[in-house]
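Structure below is structure36.cif: mmCIF, C-alpha atoms; chains and numbers go by the auth columns.
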```cif
data_coords
#
loop_
_atom_site.group_PDB
_atom_site.id
_atom_site.type_symbol
_atom_site.label_atom_id
_atom_site.label_comp_id
_atom_site.label_asym_id
_atom_site.label_seq_id
_atom_site.Cartn_x
_atom_site.Cartn_y
_atom_site.Cartn_z
_atom_site.B_iso_or_equiv
_atom_site.auth_seq_id
_atom_site.auth_asym_id
ATOM 1 C CA MET A 1 15.035 24.560 5.695 0.00 842 A
ATOM 2 C CA CYS A 2 13.124 21.389 4.829 0.00 843 A
ATOM 3 C CA ILE A 3 14.911 18.069 4.888 0.00 844 A
ATOM 4 C CA GLY A 4 13.578 14.751 3.691 0.00 845 A
ATOM 5 C CA VAL A 5 15.056 11.735 5.449 0.00 846 A
ATOM 6 C CA PRO A 6 15.402 8.336 3.748 0.00 847 A
ATOM 7 C CA GLY A 7 13.596 5.444 5.383 0.00 848 A
ATOM 8 C CA LYS A 8 12.914 1.842 4.441 0.00 849 A
ATOM 9 C CA ILE A 9 9.320 0.620 4.456 0.00 850 A
ATOM 10 C CA CYS A 10 9.206 -2.285 6.907 0.00 851 A
ATOM 11 C CA ALA A 11 5.419 -2.745 7.229 0.00 852 A
ATOM 12 C CA ILE A 12 2.317 -1.625 5.369 0.00 853 A
ATOM 13 C CA HIS A 13 -0.755 -1.461 7.608 0.00 854 A
ATOM 14 C CA ASP A 14 -3.550 -0.383 5.309 0.00 855 A
ATOM 15 C CA ALA A 15 -4.189 1.542 2.109 0.00 856 A
ATOM 16 C CA MET A 16 -2.115 4.540 3.190 0.00 857 A
ATOM 17 C CA GLN A 17 -0.237 3.879 6.458 0.00 858 A
ATOM 18 C CA ALA A 18 3.147 2.210 6.877 0.00 859 A
ATOM 19 C CA THR A 19 5.981 1.795 9.328 0.00 860 A
ATOM 20 C CA VAL A 20 9.286 3.109 8.019 0.00 861 A
ATOM 21 C CA SER A 21 12.686 2.538 9.612 0.00 862 A
ATOM 22 C CA VAL A 22 14.995 5.556 9.717 0.00 863 A
ATOM 23 C CA CYS A 23 18.385 4.779 11.292 0.00 864 A
ATOM 24 C CA GLY A 24 16.776 1.987 13.299 0.00 865 A
ATOM 25 C CA VAL A 25 13.927 4.177 14.580 0.00 866 A
ATOM 26 C CA GLN A 26 10.494 3.085 13.400 0.00 867 A
ATOM 27 C CA ARG A 27 8.074 5.820 12.413 0.00 868 A
ATOM 28 C CA ALA A 28 4.486 5.920 11.222 0.00 869 A
ATOM 29 C CA VAL A 29 4.398 7.318 7.692 0.00 870 A
ATOM 30 C CA ASP A 30 1.573 8.164 5.319 0.00 871 A
ATOM 31 C CA LEU A 31 1.989 6.642 1.831 0.00 872 A
ATOM 32 C CA THR A 32 -0.735 8.683 0.127 0.00 873 A
ATOM 33 C CA LEU A 33 1.736 10.440 -2.190 0.00 874 A
ATOM 34 C CA VAL A 34 3.589 7.290 -3.331 0.00 875 A
ATOM 35 C CA GLY A 35 0.991 4.546 -2.883 0.00 876 A
ATOM 36 C CA THR A 36 1.423 1.082 -1.411 0.00 877 A
ATOM 37 C CA VAL A 37 2.293 -0.547 -4.755 0.00 878 A
ATOM 38 C CA ASP A 38 4.601 0.475 -7.604 0.00 879 A
ATOM 39 C CA GLU A 39 3.751 0.912 -11.292 0.00 880 A
ATOM 40 C CA ALA A 40 4.032 -2.851 -11.854 0.00 881 A
ATOM 41 C CA GLY A 41 1.649 -3.610 -8.985 0.00 882 A
ATOM 42 C CA HIS A 42 4.371 -4.856 -6.612 0.00 883 A
ATOM 43 C CA THR A 43 4.194 -3.907 -2.956 0.00 884 A
ATOM 44 C CA ARG A 44 6.422 -1.084 -1.742 0.00 885 A
ATOM 45 C CA LEU A 45 7.432 -3.205 1.276 0.00 886 A
ATOM 46 C CA GLY A 46 11.232 -3.057 1.496 0.00 887 A
ATOM 47 C CA GLN A 47 11.511 0.010 -0.735 0.00 888 A
ATOM 48 C CA TRP A 48 13.159 3.254 0.331 0.00 889 A
ATOM 49 C CA VAL A 49 11.204 6.493 0.532 0.00 890 A
ATOM 50 C CA LEU A 50 12.079 10.083 1.300 0.00 891 A
ATOM 51 C CA VAL A 51 10.116 11.085 4.423 0.00 892 A
ATOM 52 C CA HIS A 52 9.162 14.638 5.385 0.00 893 A
ATOM 53 C CA VAL A 53 6.744 15.561 8.207 0.00 894 A
ATOM 54 C CA GLY A 54 5.268 12.066 8.339 0.00 895 A
ATOM 55 C CA PHE A 55 4.689 11.642 4.596 0.00 896 A
ATOM 56 C CA ALA A 56 6.607 9.566 2.068 0.00 897 A
ATOM 57 C CA MET A 57 7.305 12.241 -0.539 0.00 898 A
ATOM 58 C CA SER A 58 8.977 10.021 -3.155 0.00 899 A
ATOM 59 C CA VAL A 59 10.487 6.610 -3.725 0.00 900 A
ATOM 60 C CA ILE A 60 14.290 6.529 -3.983 0.00 901 A
ATOM 61 C CA ASP A 61 16.768 3.788 -4.746 0.00 902 A
ATOM 62 C CA GLU A 62 18.871 2.196 -2.010 0.00 903 A
ATOM 63 C CA ALA A 63 22.171 3.764 -3.143 0.00 904 A
ATOM 64 C CA GLU A 64 20.685 7.267 -3.004 0.00 905 A
ATOM 65 C CA ALA A 65 19.099 6.505 0.373 0.00 906 A
ATOM 66 C CA LEU A 66 22.360 5.276 1.902 0.00 907 A
ATOM 67 C CA ASP A 67 24.347 8.198 0.446 0.00 908 A
ATOM 68 C CA THR A 68 21.828 10.673 1.861 0.00 909 A
ATOM 69 C CA LEU A 69 21.844 9.010 5.288 0.00 910 A
ATOM 70 C CA ALA A 70 25.650 9.127 5.333 0.00 911 A
ATOM 71 C CA ALA A 71 25.585 12.827 4.448 0.00 912 A
ATOM 72 C CA LEU A 72 23.017 13.543 7.179 0.00 913 A
ATOM 73 C CA GLN A 73 25.060 11.592 9.727 0.00 914 A
ATOM 74 C CA HIS A 74 28.110 13.638 8.727 0.00 915 A
ATOM 75 C CA MET A 75 26.048 16.824 9.140 0.00 916 A
ATOM 76 C CA LEU A 76 25.182 15.661 12.666 0.00 917 A
ATOM 77 C CA GLU A 77 28.846 16.048 13.588 0.00 918 A
ATOM 78 C CA LEU A 78 28.627 19.734 12.626 0.00 919 A
ATOM 79 C CA GLU A 79 25.007 20.510 13.462 0.00 920 A
ATOM 80 C CA PRO A 80 23.418 18.648 16.400 0.00 921 A
ATOM 81 C CA ASP A 81 19.923 19.754 15.328 0.00 922 A
ATOM 82 C CA VAL A 82 20.057 17.064 12.626 0.00 923 A
ATOM 83 C CA GLY A 83 19.909 14.355 15.337 0.00 924 A
ATOM 84 C CA PRO A 84 16.118 14.409 15.861 0.00 925 A
ATOM 85 C CA LEU A 85 15.601 14.010 12.099 0.00 926 A
ATOM 86 C CA LEU A 86 17.608 10.808 12.114 0.00 927 A
ATOM 87 C CA TYR A 87 16.999 9.345 15.546 0.00 928 A
ATOM 88 C CA GLY A 88 13.745 10.921 16.743 0.00 929 A
ATOM 89 C CA GLU A 89 12.982 13.684 19.219 0.00 930 A
ATOM 90 C CA GLY A 90 15.262 13.807 22.236 0.00 931 A
ATOM 91 C CA ASN A 91 17.944 11.740 20.488 0.00 932 A
ATOM 92 C CA GLY A 92 21.008 12.511 18.498 0.00 933 A
#
```
The structure given in the file should be rewritten as structure tokens.
Amino acid sequence: MCIGVPGKICAIHDAMQATVSVCGVQRAVDLTLVGTVDEAGHTRLGQWVLVHVGFAMSVIDEAEALDTLAALQHMLELEPDVGPLLYGEGNG
């Protein structure tokens, strides 16, 4: 099973690398698939992305991001293996 986890872009370092916050944990993420700016030329800083294996796979709106995070946190109650997705390896 592949799960994308919503994260908010909190820093853009260069043409393709960013720091994304997922449940308070900052992760290095590659923005190659979504770019560092949107269609209007505005920076993606502060936008939400769906992260899978270190890549931002798509841009999502905040409501969808928060709903997905809530669902994943609920899943954590039933399936502890979801913890590392949300809070990093060794956490949960």
### Message
Given only C-alpha atoms as the basis, pick out the residue of A:Leu886, A:Val863, A:Ala912, A:Ala869 nearest to Ile850 (chain A).
### Response
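Using only C-alpha atoms, Ile850 (chain A) sits closest to A:Leu886.
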### Message
What's the separation between CA of Leu891 (chain A) and CA of Glu920 (chain A), in Å to one decimal place?
### Response
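Spanning CA of Leu891 (chain A) to CA of Glu920 (chain A) is a straight-line distance of 20.6 Å.
Distances to Met857 (chain A) were evaluated for A:Gly887, A:Gly882, A:Gly929, A:Gly895 using only C-alpha atoms, and the minimum falls at A:Gly895.
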#### Entry: Pick from A:Glu918, A:Asp908, A:Asp879, A:Asp871, whichever lies nearest to Gln858 (chain A) using only C-alpha atoms
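Residue with the minimum atom-to-atom distance to Gln858 (chain A): A:Asp871.
The interatomic distance for the pair CA of Gly845 (chain A) and CA of Val892 (chain A) works out to 5.1 Å.
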### Query
Pick the closest to Val894 (chain A) from A:His854, A:Arg868, A:His915, A:Lys849: which is it, counting only C-alpha atoms?
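Once distances to Val894 (chain A) are computed over only C-alpha atoms, the minimum belongs to A:Arg868.
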#### Entry: Nearby residues (all atoms listed in the file) at most 10 Å from Leu910 (chain A), same-chain spacing under 6 positions excluded, as number ranges by chain
A: 846-848, 863-864, 904, 916, 927
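Straight-line separation from CA of Thr909 (chain A) to CA of His883 (chain A): 24.9 Å.
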### Task
To verify the selection step, state as a list of chain:residue names which residues the PyMOL selection byres ((chain A and resi 877) around 8) yields on this input.
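On this input, the PyMOL selection byres ((chain A and resi 877) around 8) captures A:Ile853, A:Ala856, A:Met857, A:Leu872, A:Val875, A:Gly876, A:Val878, A:Asp879, A:Thr884, A:Arg885, A:Leu886.
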### Task
May I ask which of the residues A:Val861, A:Leu919, A:Cys851, A:Val890 is the closest one to Ala906 (chain A), counting only C-alpha atoms?
A:Val890
### Counting only C-alpha atoms, the residue of A:Leu913, A:Leu874, A:Ala852, A:Ile901 that sits nearest Pro925 (chain A)
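Ranked by minimum distance to Pro925 (chain A), first place goes to A:Leu913.
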